[in-house]
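Here is the structure we will look at, set down as structure tokens.
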Amino acid sequence: MKILFINNDGGGFADHIDVDPQTTVAKLFEQRIDGGKAQDYLIRVNRQPAAADCVLHEGDRISFTPVKIEGAGDR
Amino acid sequence: MLYLRDRGQTEVGGFGIAAGDDLLRIEDVQLVRQTCTSVSVVFDDEAVADFFDRQVDEGRKPEQFGRIWIHTHPGDCPRPSMTDEETFARVFGRADWAVMFIVARGGQTYARLQLNVGPGATLVVPVSVDFERPFEASQMQSWEQEYCANVTALASPRLTERSDELGFVEPDLIDPFEPDAAWTDDAWQAYLNEDLDPLCERLPYEI
């Protein structure tokens, strides 16, 4: 089945990919974010935060986007 | 970017939107919802995800909108802080390349291109305004709307708050100009009642 996958790692990705039925968010993360830590990403399915065991469905949009982007100037 | 930098008293940050045919040419700067003080800027995680969704819907690739991290610094120093470096490594270190671009309030800039593929490389790149390409006219009204919609300014953290975090005990502070400050009358009276030098009758503070 096809889902839309959005991710900024590597070369960046925002396109449709094929995944196996019953693929979970955790499994896709493991496949696509080699060595990455889940806590470093906001994982959303259809624009809503998703749990690791959330099962993906045909046509879903899943995004792995960075969290805690913060800058600071010297005082 | 300069309008956004100077719009308030806080830092401000966003993503550079690059041209499709030249990824180091920034055509636009987009803010995301953020909380700022005079010395810090923190992006809202949901707003970052919304920004990615929106950019994809507009037909851009992540390399056009998610690789150039821009923020401002107070004062004249655009050099990255430890927090900046930590964010850049953690957030952008897994992308093939990324740029940390800092604009100081004094006008100085710092842009560093980090290449994370192959042997990797770090390059401080020059910054200039490209007047050779066509560009849109000033859009102050929309910039203002964007600023107001995204930037939440907080009061800067006080040193005493930081001291509290560290467990320091703040000494009792007395405002010497308070009328009931205990030392005021006695100290000044004693001072004025001192015997003056008979050879030069002048108040000590005139010496």
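Ordered as shown in the structure tokens, chains take letters A, B, and onward, while each chain numbers its residues from 1 and ligands are numbered from 1 in the order shown.
Those residues of chain A that DSSP, working from the backbone, places in helix (DSSP H, G or I) are Val25, Ala26, Lys27, Leu28, Phe29, Glu30, Gln31, Arg32, Ala38, Gln39 and Asp40 of chain A.
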Test item: chain B residues at most 9 Å from chain A, counting only C-alpha atoms, as a VMD selection string: chain B and resid 11 13 38 to 46 48 to 50 52 to 53 56 60 to 63 66 to 67 71 to 75 77 to 88 90 to 97 104 116 to 117
Separation of atom CA of Cys54 of chain A from atom CA of Thr24 of chain A, in Å and rounded to one decimal: 5.4 Å
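What separates atom CA of Glu27 of chain B from atom CA of Gly106 of chain B is a distance of 22.4 Å.
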